[in-house]
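Structure below is input-v5.cif: mmCIF, C-alpha atoms and all ligand atoms.
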data_coords
#
loop_
_atom_site.label_atom_id
_atom_site.label_comp_id
_atom_site.auth_asym_id
_atom_site.auth_seq_id
_atom_site.Cartn_x
_atom_site.Cartn_y
_atom_site.Cartn_z
CA MET U 2 0.00 0.00 0.00
CA THR U 3 1.54 3.30 -0.99
CA LEU U 4 0.65 6.50 0.73
CA ASP U 5 1.56 10.07 -0.10
CA LEU U 6 3.07 10.81 3.28
CA HIS U 7 4.33 14.19 2.24
CA ARG U 8 0.84 15.24 1.18
CA LEU U 9 -0.53 13.88 4.45
CA ALA U 10 1.99 15.94 6.44
CA LEU U 11 1.34 19.13 4.46
CA ASP U 12 -2.42 18.74 4.85
CA ALA U 13 -1.91 18.29 8.59
CA ILE U 14 0.17 21.48 8.73
CA ASP U 15 -2.40 23.41 6.66
CA ALA U 16 -5.32 22.35 8.84
CA ALA U 17 -3.43 23.38 11.99
CA VAL U 18 -2.28 26.71 10.49
CA ASP U 19 -5.89 27.47 9.49
CA GLU U 20 -7.29 26.46 12.87
CA LEU U 21 -4.74 28.71 14.63
CA HIS U 22 -5.17 31.60 12.13
CA LEU U 23 -1.41 31.74 11.62
CA ASP U 24 0.02 33.79 8.80
CA ASP U 25 1.33 32.49 5.53
CA GLY U 26 4.95 33.00 6.53
CA ILE U 27 4.57 30.32 9.17
CA ARG U 28 2.75 28.10 6.69
CA ALA U 29 5.55 28.47 4.16
CA SER U 30 8.19 27.83 6.80
CA LEU U 31 6.48 24.58 7.82
CA HIS U 32 5.78 23.48 4.23
CA HIS U 33 9.44 23.56 3.25
CA PRO U 34 12.16 21.69 5.09
CA GLU U 35 15.02 23.89 6.26
CA ARG U 36 17.46 21.60 4.49
CA THR U 37 17.16 18.64 2.13
CA LEU U 38 20.25 16.62 1.37
CA THR U 39 20.31 14.13 -1.50
CA VAL U 40 23.46 12.08 -1.49
CA GLN U 41 25.12 9.28 -3.33
CA VAL U 42 25.82 6.26 -1.12
CA PRO U 43 28.51 4.07 -2.66
CA TYR U 44 29.34 0.80 -0.92
CA VAL U 45 31.55 -2.18 -1.57
CA ALA U 46 29.67 -5.43 -2.27
CA ASP U 47 31.07 -8.78 -1.15
CA ASP U 48 32.13 -9.60 -4.72
CA GLY U 49 34.39 -6.53 -4.63
CA THR U 50 32.25 -4.41 -6.96
CA LEU U 51 31.21 -0.88 -6.14
CA ARG U 52 27.46 -0.25 -5.90
CA VAL U 53 25.70 3.09 -5.57
CA VAL U 54 22.28 3.87 -4.10
CA PRO U 55 20.58 7.17 -3.26
CA GLY U 56 20.31 8.48 0.30
CA TYR U 57 18.64 11.45 1.96
CA ARG U 58 18.71 13.51 5.14
CA VAL U 59 16.06 16.16 5.71
CA ALA U 60 16.14 18.69 8.55
CA HIS U 61 12.57 19.94 8.51
CA SER U 62 12.62 22.32 11.46
CA THR U 63 15.20 23.41 14.01
CA ALA U 64 12.99 26.14 15.50
CA ARG U 65 12.76 24.33 18.87
CA GLY U 66 16.14 22.56 18.86
CA PRO U 67 18.39 20.38 16.68
CA ALA U 68 16.57 18.33 14.04
CA LYS U 69 15.76 14.83 15.32
CA GLY U 70 14.54 11.70 13.63
CA GLY U 71 15.29 8.22 12.41
CA THR U 72 17.10 6.74 9.43
CA ARG U 73 15.18 4.30 7.30
CA PHE U 74 16.68 1.63 5.04
CA HIS U 75 13.94 0.50 2.65
CA LEU U 76 13.38 0.09 -1.09
CA ASP U 77 10.34 2.41 -0.93
CA VAL U 78 12.37 5.35 0.46
CA THR U 79 11.88 8.47 -1.70
CA PRO U 80 12.81 12.12 -1.06
CA GLU U 81 9.12 12.95 -0.69
CA GLU U 82 8.58 10.22 1.89
CA VAL U 83 11.59 11.38 3.90
CA ALA U 84 10.36 15.00 3.77
CA GLY U 85 6.89 13.93 4.95
CA LEU U 86 8.31 11.86 7.80
CA ALA U 87 10.63 14.73 8.80
CA THR U 88 7.63 17.08 8.95
CA LEU U 89 5.77 14.63 11.20
CA MET U 90 8.87 14.48 13.44
CA SER U 91 8.76 18.27 13.95
CA VAL U 92 5.14 17.97 15.09
CA LYS U 93 5.98 14.92 17.24
CA THR U 94 8.88 16.50 19.14
CA ALA U 95 6.86 19.70 19.67
CA LEU U 96 3.83 17.78 20.90
CA MET U 97 6.07 15.94 23.36
CA ASN U 98 7.55 19.31 24.36
CA LEU U 99 11.10 18.07 23.74
CA PRO U 100 13.87 20.64 23.11
CA LEU U 101 14.27 19.28 19.58
CA GLY U 102 13.12 19.86 16.02
CA GLY U 103 12.25 17.36 13.31
CA GLY U 104 14.31 15.48 10.74
CA LYS U 105 14.50 12.14 8.94
CA GLY U 106 16.86 10.21 6.74
CA GLY U 107 16.79 7.21 4.50
CA VAL U 108 18.59 5.07 1.99
CA THR U 109 16.74 3.44 -0.91
CA ILE U 110 17.84 -0.16 -0.45
CA ASP U 111 16.53 -3.52 0.68
CA PRO U 112 18.92 -4.25 3.58
CA LYS U 113 17.69 -7.86 3.79
CA GLN U 114 19.63 -8.53 0.57
CA LEU U 115 22.92 -7.32 2.11
CA SER U 116 25.53 -9.19 4.12
CA ASP U 117 26.80 -7.73 7.42
CA ALA U 118 29.94 -6.41 5.73
CA GLU U 119 27.90 -4.75 2.98
CA LEU U 120 25.56 -3.20 5.53
CA GLU U 121 28.47 -1.74 7.47
CA SER U 122 30.06 -0.39 4.31
CA LEU U 123 26.73 1.19 3.30
CA THR U 124 26.06 2.73 6.73
CA ARG U 125 29.55 4.19 7.05
CA SER U 126 29.35 5.56 3.51
CA TYR U 127 25.97 7.16 4.24
CA THR U 128 27.46 8.71 7.39
CA ARG U 129 30.37 10.21 5.42
CA ALA U 130 27.90 11.64 2.90
CA ILE U 131 25.83 13.45 5.55
CA ALA U 132 28.56 14.08 8.18
CA ALA U 133 28.94 17.79 7.49
CA ASN U 134 25.25 18.31 8.21
CA ILE U 135 24.70 16.22 11.33
CA GLY U 136 25.92 16.83 14.88
CA PRO U 137 24.66 17.11 18.46
CA ASP U 138 23.66 20.77 17.91
CA THR U 139 22.39 20.48 14.35
CA ASP U 140 20.72 17.20 13.40
CA VAL U 141 20.71 13.95 15.40
CA PRO U 142 19.78 10.71 13.56
CA ALA U 143 18.32 7.58 15.20
CA PRO U 144 16.94 4.18 14.21
CA ASP U 145 13.82 3.75 12.08
CA VAL U 146 12.52 1.00 9.80
CA ASN U 147 15.26 -1.67 9.31
CA THR U 148 17.95 0.14 11.33
CA THR U 149 19.09 -0.89 14.81
CA PRO U 150 21.64 0.01 17.52
CA ARG U 151 24.31 -1.70 15.42
CA HIS U 152 23.79 0.81 12.61
CA MET U 153 23.76 3.70 15.08
CA ASP U 154 27.07 2.54 16.59
CA TRP U 155 28.61 2.56 13.09
CA ILE U 156 27.28 6.10 12.50
CA ALA U 157 28.74 7.34 15.82
CA ASP U 158 32.08 5.66 15.13
CA GLU U 159 32.38 6.92 11.55
CA TYR U 160 31.40 10.45 12.63
CA GLY U 161 34.06 10.27 15.36
CA ARG U 162 36.71 9.19 12.83
CA ILE U 163 35.80 12.06 10.50
CA THR U 164 35.83 14.70 13.22
CA GLY U 165 38.64 13.23 15.28
CA THR U 166 36.37 13.23 18.32
CA THR U 167 34.26 10.92 20.44
CA THR U 168 30.78 12.38 20.03
CA PRO U 169 28.12 9.90 21.12
CA ALA U 170 25.43 12.64 21.13
CA VAL U 171 25.56 12.80 17.31
CA VAL U 172 23.15 9.86 17.07
CA THR U 173 20.73 8.08 19.43
CA GLY U 174 19.49 4.53 19.71
CA LYS U 175 23.08 3.28 20.15
CA SER U 176 23.99 0.11 22.01
CA LEU U 177 24.52 0.54 25.76
CA ALA U 178 28.26 -0.05 25.32
CA ALA U 179 28.49 2.81 22.82
CA GLY U 180 26.60 5.27 25.05
CA GLY U 181 22.99 4.26 24.41
CA SER U 182 20.28 4.77 27.02
CA LEU U 183 18.68 2.10 29.13
CA GLY U 184 15.09 1.68 27.97
CA ARG U 185 15.66 3.00 24.42
CA ASP U 186 15.12 -0.44 22.83
CA THR U 187 11.63 -0.80 24.33
CA ALA U 188 10.77 2.93 24.37
CA THR U 189 8.36 3.07 21.42
CA ALA U 190 6.39 0.16 22.85
CA ALA U 191 6.50 1.54 26.40
CA GLY U 192 5.23 4.94 25.28
CA CYS U 193 2.46 3.35 23.24
CA ARG U 194 1.50 1.12 26.17
CA THR U 195 1.08 4.17 28.44
CA VAL U 196 -1.28 5.91 26.04
CA VAL U 197 -3.21 2.70 25.22
CA LEU U 198 -3.87 2.04 28.92
CA ALA U 199 -4.88 5.66 29.60
CA ALA U 200 -7.14 5.86 26.54
CA ALA U 201 -8.72 2.43 27.23
CA LYS U 202 -9.53 3.56 30.77
CA ARG U 203 -11.04 6.78 29.54
CA LEU U 204 -13.17 4.89 27.01
CA GLY U 205 -14.37 2.50 29.73
CA PHE U 206 -12.98 -0.69 28.15
CA PRO U 207 -12.86 -3.85 30.28
CA ALA U 208 -9.57 -4.71 32.04
CA ASP U 209 -9.09 -7.67 29.68
CA ALA U 210 -9.91 -5.73 26.51
CA ARG U 211 -8.98 -7.53 23.28
CA VAL U 212 -6.00 -6.19 21.33
CA VAL U 213 -4.92 -6.79 17.73
CA ILE U 214 -1.39 -5.78 16.73
CA GLN U 215 -0.25 -5.48 13.12
CA GLY U 216 3.53 -5.80 12.96
CA PHE U 217 5.81 -7.83 15.22
CA GLY U 218 8.98 -5.79 14.90
CA ASN U 219 10.62 -3.75 17.64
CA ALA U 220 7.48 -1.79 18.56
CA GLY U 221 4.81 -4.46 17.99
CA ALA U 222 6.55 -7.39 19.70
CA HIS U 223 7.46 -5.50 22.89
CA LEU U 224 4.04 -3.86 23.02
CA ALA U 225 2.26 -7.23 22.71
CA ARG U 226 4.29 -8.60 25.62
CA MET U 227 3.68 -5.49 27.76
CA LEU U 228 -0.09 -5.35 27.17
CA ASP U 229 -0.34 -9.09 27.83
CA ALA U 230 1.44 -8.55 31.18
CA ASP U 231 -1.04 -5.72 31.91
CA GLY U 232 -3.89 -8.24 31.66
CA LEU U 233 -5.20 -7.27 28.23
CA ARG U 234 -5.92 -10.08 25.78
CA VAL U 235 -3.71 -9.93 22.69
CA VAL U 236 -5.87 -11.99 20.32
CA ALA U 237 -3.98 -11.51 17.04
CA VAL U 238 -0.58 -10.41 15.77
CA SER U 239 1.12 -10.37 12.37
CA ASP U 240 4.43 -9.91 10.62
CA SER U 241 5.35 -9.53 6.95
CA GLN U 242 4.69 -13.26 6.36
CA GLY U 243 1.17 -13.42 7.80
CA ALA U 244 -1.15 -13.15 10.79
CA ILE U 245 -2.26 -15.46 13.62
CA HIS U 246 -5.39 -15.39 15.77
CA ASP U 247 -6.54 -16.93 19.03
CA PRO U 248 -9.72 -15.44 20.54
CA ARG U 249 -8.70 -16.65 24.03
CA GLY U 250 -5.51 -14.60 23.84
CA LEU U 251 -2.15 -15.63 22.39
CA ASN U 252 0.67 -16.98 24.54
CA LEU U 253 3.09 -14.14 23.81
CA ALA U 254 6.17 -15.82 25.26
CA ALA U 255 5.63 -18.76 22.90
CA VAL U 256 4.86 -16.51 19.90
CA THR U 257 8.06 -14.52 20.55
CA GLU U 258 10.09 -17.70 20.73
CA THR U 259 8.55 -18.97 17.48
CA LYS U 260 9.35 -15.67 15.77
CA GLU U 261 12.95 -15.82 17.02
CA THR U 262 13.60 -19.45 16.18
CA ARG U 263 11.54 -19.92 13.03
CA GLY U 264 11.51 -16.44 11.55
CA SER U 265 7.78 -15.71 11.59
CA VAL U 266 4.80 -15.69 13.95
CA ILE U 267 2.84 -17.80 11.46
CA HIS U 268 4.65 -20.96 12.61
CA HIS U 269 3.07 -20.58 16.06
CA ASP U 270 0.28 -23.03 16.85
CA ALA U 271 -2.75 -20.78 16.17
CA GLU U 272 -5.23 -20.07 13.39
CA VAL U 273 -3.52 -18.34 10.45
CA ILE U 274 -5.62 -15.50 9.03
CA GLY U 275 -5.30 -13.03 6.15
CA PRO U 276 -3.96 -9.48 6.51
CA GLU U 277 -7.37 -7.88 5.93
CA GLU U 278 -9.10 -10.23 8.37
CA LEU U 279 -6.55 -9.24 11.02
CA LEU U 280 -7.48 -5.56 10.82
CA THR U 281 -11.22 -6.20 10.89
CA LEU U 282 -11.29 -8.74 13.74
CA ASP U 283 -13.68 -8.24 16.63
CA CYS U 284 -11.60 -6.40 19.27
CA GLU U 285 -11.51 -3.25 21.37
CA ILE U 286 -8.01 -2.02 20.49
CA LEU U 287 -6.18 -2.10 17.16
CA VAL U 288 -2.50 -1.17 16.98
CA PRO U 289 -1.00 -0.72 13.51
CA ALA U 290 2.74 -1.12 14.21
CA ALA U 291 4.01 -1.85 10.69
CA LEU U 292 4.49 0.47 7.71
CA GLU U 293 2.44 3.48 6.59
CA GLY U 294 -0.84 3.27 4.69
CA ALA U 295 -2.00 0.01 6.32
CA ILE U 296 -5.56 1.23 6.93
CA ASP U 297 -7.41 2.46 3.85
CA THR U 298 -11.06 3.46 3.43
CA GLY U 299 -12.31 -0.10 2.88
CA THR U 300 -10.63 -1.33 6.04
CA ALA U 301 -11.72 1.75 7.99
CA GLU U 302 -15.35 1.02 7.07
CA ARG U 303 -15.14 -2.57 8.26
CA LEU U 304 -12.83 -2.56 11.26
CA ARG U 305 -14.46 -3.20 14.62
CA ALA U 306 -12.04 -1.71 17.16
CA GLY U 307 -13.18 1.27 19.23
CA LEU U 308 -9.63 2.54 19.74
CA ILE U 309 -6.74 2.69 17.29
CA ALA U 310 -3.25 3.52 18.60
CA GLU U 311 -0.88 4.34 15.75
CA ALA U 312 2.44 2.82 16.80
CA ALA U 313 3.69 3.13 13.19
CA ASN U 314 4.15 6.44 11.37
CA GLY U 315 1.22 7.30 9.07
CA PRO U 316 -0.69 3.99 9.18
CA CYS U 317 -4.09 5.54 8.22
CA THR U 318 -4.71 7.24 4.88
CA ALA U 319 -6.41 10.66 5.08
CA GLU U 320 -9.60 9.16 3.62
CA ALA U 321 -9.56 6.32 6.13
CA ASP U 322 -9.09 8.83 8.92
CA ALA U 323 -12.24 10.69 7.81
CA VAL U 324 -14.21 7.42 7.83
CA LEU U 325 -12.97 6.55 11.32
CA ARG U 326 -13.94 10.01 12.58
CA GLU U 327 -17.39 9.60 11.08
CA ARG U 328 -17.75 6.19 12.73
CA GLY U 329 -16.70 7.55 16.13
CA VAL U 330 -13.54 5.42 16.41
CA THR U 331 -10.97 7.05 18.72
CA VAL U 332 -7.59 7.34 17.00
CA VAL U 333 -4.53 8.12 19.12
CA PRO U 334 -2.37 9.59 16.34
CA ASP U 335 1.16 8.47 15.42
CA VAL U 336 2.72 11.71 16.61
CA LEU U 337 1.75 10.66 20.14
CA ALA U 338 1.37 6.86 20.06
CA SER U 339 4.80 6.35 18.46
CA ALA U 340 6.57 9.16 20.36
CA GLY U 341 8.13 6.97 23.07
CA GLY U 342 11.15 6.27 20.84
CA VAL U 343 12.11 9.85 20.16
CA THR U 344 11.38 10.79 23.77
CA VAL U 345 13.93 8.31 25.11
CA SER U 346 16.22 9.35 22.24
CA CYS U 347 16.04 12.84 23.69
CA PHE U 348 16.97 11.39 27.11
CA GLU U 349 19.90 9.55 25.50
CA TRP U 350 21.12 12.75 23.81
CA GLN U 351 20.83 14.62 27.13
CA GLN U 352 22.73 11.87 28.99
CA ASN U 353 25.50 11.92 26.37
CA LEU U 354 25.80 15.71 26.49
CA ARG U 355 26.06 15.62 30.28
CA GLY U 356 28.16 12.49 30.57
CA GLU U 357 25.47 10.83 32.64
CA ARG U 358 23.83 7.41 32.77
CA TRP U 359 20.27 7.33 34.06
CA SER U 360 18.79 4.18 35.65
CA ALA U 361 16.12 2.15 33.87
CA GLN U 362 13.59 3.26 36.51
CA ASP U 363 14.49 6.89 35.99
CA VAL U 364 14.10 6.62 32.19
CA SER U 365 10.81 4.80 32.51
CA ALA U 366 9.36 7.27 35.05
CA ARG U 367 10.39 10.24 32.88
CA LEU U 368 8.93 8.61 29.77
CA ASP U 369 5.64 7.87 31.53
CA ALA U 370 5.41 11.43 32.80
CA ARG U 371 6.03 12.85 29.30
CA MET U 372 3.51 10.54 27.63
CA ASN U 373 0.79 11.25 30.19
CA ALA U 374 1.42 15.01 30.05
CA ALA U 375 1.20 14.99 26.24
CA LEU U 376 -1.98 12.90 26.30
CA GLU U 377 -3.58 15.27 28.81
CA ASP U 378 -2.56 18.31 26.73
CA LEU U 379 -4.10 16.57 23.75
CA TRP U 380 -7.46 15.72 25.36
CA ARG U 381 -7.68 19.31 26.64
CA VAL U 382 -7.05 20.90 23.21
CA ALA U 383 -9.38 18.36 21.55
CA GLU U 384 -12.18 19.22 23.97
CA GLN U 385 -11.59 22.99 23.91
CA ARG U 386 -11.50 23.14 20.14
CA HIS U 387 -13.95 20.27 19.41
CA LEU U 388 -11.34 18.47 17.34
CA PRO U 389 -10.45 14.79 16.91
CA LEU U 390 -7.19 13.81 18.64
CA ARG U 391 -5.14 13.87 15.43
CA ALA U 392 -6.16 17.41 14.53
CA ALA U 393 -5.61 18.49 18.14
CA ALA U 394 -2.12 16.97 18.10
CA ASN U 395 -1.25 18.87 14.93
CA VAL U 396 -2.64 22.10 16.38
CA LEU U 397 -0.66 21.71 19.58
CA GLY U 398 2.57 20.77 17.79
CA VAL U 399 2.27 23.49 15.15
CA ALA U 400 1.38 26.11 17.78
CA ARG U 401 4.55 25.32 19.71
CA ILE U 402 6.76 25.44 16.60
CA ALA U 403 5.11 28.70 15.50
CA GLU U 404 5.67 30.17 18.95
CA ALA U 405 9.39 29.38 18.71
CA LEU U 406 9.60 30.75 15.15
CA GLU U 407 7.85 33.94 16.20
CA ALA U 408 10.04 34.39 19.26
CA ARG U 409 13.09 34.07 17.04
CA THR U 410 11.86 36.55 14.46
CA GLY U 411 10.49 38.99 17.02
CA GLN U 412 6.89 38.57 15.94
CA PRO U 413 4.10 38.52 18.56
CA ALA U 414 3.34 35.10 19.95
CA GLU U 415 0.14 34.28 21.76
CA LEU U 416 -0.43 30.82 20.46
CA ALA U 417 0.60 27.75 22.31
CA SER U 418 -0.91 26.68 25.54
N1 LIG V 501 12.29 6.67 14.16
C1 LIG V 501 11.61 6.98 15.39
C2 LIG V 501 10.42 7.89 15.11
O1 LIG V 501 9.89 7.89 14.03
C3 LIG V 501 12.55 7.51 16.45
C4 LIG V 501 13.26 8.79 16.11
C5 LIG V 501 14.31 9.18 17.13
O2 LIG V 501 14.50 8.46 18.09
O3 LIG V 501 14.92 10.24 16.92
O4 LIG V 501 9.91 8.54 15.97
#

Do you think you could lay out the structure here as structure tokens?
Amino acid sequence: MTLDLHRLALDAIDAAVDELHLDDGIRASLHHPERTLTVQVPYVADDGTLRVVPGYRVAHSTARGPAKGGTRFHLDVTPEEVAGLATLMSVKTALMNLPLGGGKGGVTIDPKQLSDAELESLTRSYTRAIAANIGPDTDVPAPDVNTTPRHMDWIADEYGRITGTTTPAVVTGKSLAAGGSLGRDTATAAGCRTVVLAAAKRLGFPADARVVIQGFGNAGAHLARMLDADGLRVVAVSDSQGAIHDPRGLNLAAVTETKETRGSVIHHDAEVIGPEELLTLDCEILVPAALEGAIDTGTAERLRAGLIAEAANGPCTAEADAVLRERGVTVVPDVLASAGGVTVSCFEWQQNLRGERWSAQDVSARLDARMNAALEDLWRVAEQRHLPLRAAANVLGVARIAEALEARTGQPAELAS
């Protein structure tokens, strides 16, 4: 499913600018990234040949702090997609009230076809190509689809070699040994869990509400385990090979083991169902935790969940979102439901800058506090302005960015709450 993420992001900005009656200068500033880098990423293949693929790094906004956002390795990566994702990052960091802006990067490649040596060559080459434009005070990359702490460690090391420094704060999501933060690996899931529990309580769902999770990667797998431990019933999960269903609730420990040992959840002893059936199963909570565009109009019309928590970036098309609003389905938008990762990334960056190491409890308490504060801000703006949560999130994020822009340019600011 393809989705025009850039269009989605620009429409979100426009709606928020209109709602806040901001002037066209702010609109233009938010429509255009501050910087778009298109680079050539040459790497050495195992057969000794040189291969070249395109790469990108977009700093959308630094009004509130250095640009911040992940690096995606995927065949579908385009400059437009990266720009759209960078725009969403600016809204996300502002909504979370982090002292950061928004950015994103990507390389157009299928990393599953590469050996470890090729991957390292590619990642180091990408780092050299963008090195002049990243840094702890300018733009701080992190993991995203198909990138992990291993890739981040290579980025930090290569950046250090180029600059002749040790600068762990140039990138987040590193391994613990390389200066990563405790809790970063499970942060996206932990943040999503906090908002799912709070929203489910507010909607009056039963304590053992049924949950369906699409995607069993870093976010989906940890989230499934956490919600299961909270007493919710995870009745279905999926990965790129297929989906499984058990109305009594899946045994998550066993599913995780199956995924680890046999490569896919579909080998677990449960009913195998189709991807569309997964999304329209009878349940209270649906968590799209895979790629963008997973929920289109047809699915939105048929799905039966009362709450959707967007653990992935951009999982609902704009048309699907309108259908869900019409049907009264509560959607906790991606800019909040997936914000746990960048929030703990911010903690990692702060620890690196200060030479500190925070305990797991400290990280988790700070993350919880941030997620709950953002959710409360969001409900308040949604109620005050009679807006769905997604529109309220965009309004809140855009208001905070506009306030920073106006403070910098000396224009009056009476926007953000
Ligand atoms: N890629 C994640 C996101 O989309 C994390 C970004 C970060 O940690 O900077 O939010």

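For ligand LIG 501 (chain V), the protein and nucleic acid residues at most 6 Å away, judged by only C-alpha atoms and all ligand atoms, amount to Lys69, Gly70, Gly71, Pro142, Ala143, Pro144, Asp145, Ala340, Gly342, Val343 and Ser346 of chain U.
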
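Remark: for Ala244 (chain U), the closest of the candidate residues U:Ala321, U:Ala210, U:Ala170, U:Val266 is U:Val266 (distances computed over only C-alpha atoms).
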
Go through region 111-190 of chain U and flag each residue having an atom no more than 12 Å from region 86-104 of chain U; for those, report the closest pair of atoms plus their distance in Å to one decimal, using all atoms listed in the file, ordered by chain and rising number, as a tab-separated table.
residue	atom	partner	partner_atom	distance
U:Asn134	CA	U:Gly104	CA	11.6
U:Ile135	CA	U:Gly104	CA	10.4
U:Pro137	CA	U:Leu101	CA	10.7
U:Asp138	CA	U:Leu101	CA	9.7
U:Thr139	CA	U:Gly102	CA	9.4
U:Asp140	CA	U:Gly104	CA	7.1
U:Val141	CA	U:Gly104	CA	8.1
U:Pro142	CA	U:Gly104	CA	7.8
U:Ala143	CA	U:Gly104	CA	9.9
U:Asp145	CA	U:Leu86	CA	10.7
U:Val146	CA	U:Leu86	CA	11.8

Output file for the selection above: C-alpha atoms, as an mmCIF file, in the coordinates of the input:
data_model
loop_
_atom_site.group_PDB
_atom_site.id
_atom_site.type_symbol
_atom_site.label_atom_id
_atom_site.label_comp_id
_atom_site.auth_asym_id
_atom_site.auth_seq_id
_atom_site.Cartn_x
_atom_site.Cartn_y
_atom_site.Cartn_z
ATOM 1 C CA ASN U 134 25.250 18.310 8.210
ATOM 2 C CA ILE U 135 24.700 16.220 11.330
ATOM 3 C CA PRO U 137 24.660 17.110 18.460
ATOM 4 C CA ASP U 138 23.660 20.770 17.910
ATOM 5 C CA THR U 139 22.390 20.480 14.350
ATOM 6 C CA ASP U 140 20.720 17.200 13.400
ATOM 7 C CA VAL U 141 20.710 13.950 15.400
ATOM 8 C CA PRO U 142 19.780 10.710 13.560
ATOM 9 C CA ALA U 143 18.320 7.580 15.200
ATOM 10 C CA ASP U 145 13.820 3.750 12.080
ATOM 11 C CA VAL U 146 12.520 1.000 9.800
#

Q | Residues near Leu282 (chain U), cut-off 12 Å, only C-alpha atoms, skip fewer than 3 positions along chain, as a count of residues only | A | 30

Q.
Could you check the closest approach to Val78 (chain U) for each of U:Ser116, U:Ser365, U:Thr128, U:Asn147 and tell me which residue wins, using all atoms listed in the file?
A.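 That would be U:Asn147, the residue with the smallest distance to Val78 (chain U).
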
For Thr164 (chain U): contacts at 10 Å, only C-alpha atoms, fewer than 6 positions along chain excluded, given as a short mmCIF file (atom, residue, chain, number, x, y, z; two decimals) with C-alpha atoms, keeping the file's coordinate frame:
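Final output, saved to part27.cif:
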data_model
loop_
_atom_site.label_atom_id
_atom_site.label_comp_id
_atom_site.auth_asym_id
_atom_site.auth_seq_id
_atom_site.Cartn_x
_atom_site.Cartn_y
_atom_site.Cartn_z
CA ALA U 132 28.56 14.08 8.18
CA ALA U 133 28.94 17.79 7.49
CA ASP U 158 32.08 5.66 15.13
#

Q.
Just to confirm, what's the straight-line distance from CA of Asp231 (chain U) to CA of Asp363 (chain U) in Å (one decimal)?
A. 20.4 Å

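Contact shell of Arg326 (chain U) at 12 Å (all atoms listed in the file; same-chain neighbours under 3 positions omitted): Thr298, Ala301, Glu302, Gly307, Leu308, Ile309, Cys317, Ala319, Glu320, Ala321, Asp322, Ala323, Gly329, Val330, Thr331, Val332, Val333, Leu388, Pro389, Leu390, Arg391 and Ala392 of chain U.
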
Q: Might you pull out every residue within 8 Å of Leu376 (chain U), with only C-alpha atoms counted and same-chain residues fewer than 3 positions away left off, and present them as an MDAnalysis selection string?
A: chainID U and resid 196 337 372:373 379:380

For C-alpha atoms, I'd like the residues from the last selection saved as a PDB file, in the frame of the given file.
ATOM      1  CA  VAL U 196      -1.280   5.910  26.040  1.00  0.00           C
ATOM      2  CA  LEU U 337       1.750  10.660  20.140  1.00  0.00           C
ATOM      3  CA  MET U 372       3.510  10.540  27.630  1.00  0.00           C
ATOM      4  CA  ASN U 373       0.790  11.250  30.190  1.00  0.00           C
ATOM      5  CA  LEU U 379      -4.100  16.570  23.750  1.00  0.00           C
ATOM      6  CA  TRP U 380      -7.460  15.720  25.360  1.00  0.00           C
TER       7      TRP U 380
END

Q. Between U:Ala338, U:Ile296, U:Glu407, U:Pro34, which one has atoms that come closest to Ala394 (chain U), using all atoms listed in the file?
A. U:Ala338

Taking 3 positions as the minimum chain separation for residues in the same chain, which residues sit within 10 Å of Ile131 (chain U) when counting all atoms listed in the file? Answer as a PDB file with C-alpha atoms, in the frame of the given file.
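Writing done, so here's result20.pdb:
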ATOM      1  CA  LEU U  38      20.250  16.620   1.370  1.00  0.00           C
ATOM      2  CA  THR U  39      20.310  14.130  -1.500  1.00  0.00           C
ATOM      3  CA  VAL U  40      23.460  12.080  -1.490  1.00  0.00           C
ATOM      4  CA  GLN U  41      25.120   9.280  -3.330  1.00  0.00           C
ATOM      5  CA  VAL U  42      25.820   6.260  -1.120  1.00  0.00           C
ATOM      6  CA  GLY U  56      20.310   8.480   0.300  1.00  0.00           C
ATOM      7  CA  TYR U  57      18.640  11.450   1.960  1.00  0.00           C
ATOM      8  CA  ARG U  58      18.710  13.510   5.140  1.00  0.00           C
ATOM      9  CA  GLY U 106      16.860  10.210   6.740  1.00  0.00           C
ATOM     10  CA  SER U 126      29.350   5.560   3.510  1.00  0.00           C
ATOM     11  CA  TYR U 127      25.970   7.160   4.240  1.00  0.00           C
ATOM     12  CA  THR U 128      27.460   8.710   7.390  1.00  0.00           C
ATOM     13  CA  ASN U 134      25.250  18.310   8.210  1.00  0.00           C
ATOM     14  CA  ILE U 135      24.700  16.220  11.330  1.00  0.00           C
ATOM     15  CA  GLY U 136      25.920  16.830  14.880  1.00  0.00           C
ATOM     16  CA  TYR U 160      31.400  10.450  12.630  1.00  0.00           C
TER      17      TYR U 160
END

Q: For each of U:Arg263, U:Arg65, U:Arg371, U:His268, take the minimum atom-to-atom distance to Leu406 (chain U), counting only C-alpha atoms, then give the residue where this is smallest.
A: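 Nearest candidate to Leu406 (chain U) out of U:Arg263, U:Arg65, U:Arg371, U:His268: U:Arg65.
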
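If you measure from each of U:Ala400, U:Ala290, U:Val345, U:Met153 to Val172 (chain U) using only C-alpha atoms, the closest one turns out to be U:Met153.
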
**Q.** Which residue of U:Leu23, U:Leu177, U:Val45, U:Val324 approaches Glu349 (chain U) most closely, using all atoms listed in the file
**A.**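 Going through U:Leu23, U:Leu177, U:Val45, U:Val324 one by one, the smallest distance to Glu349 (chain U) is for U:Leu177.
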
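Distance-wise, CA of Gly174 (chain U) and CA of Pro150 (chain U) end up 5.5 Å apart.
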
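Of note, CA of Pro289 (chain U) and CA of Ala191 (chain U) are spaced 15.1 Å apart.
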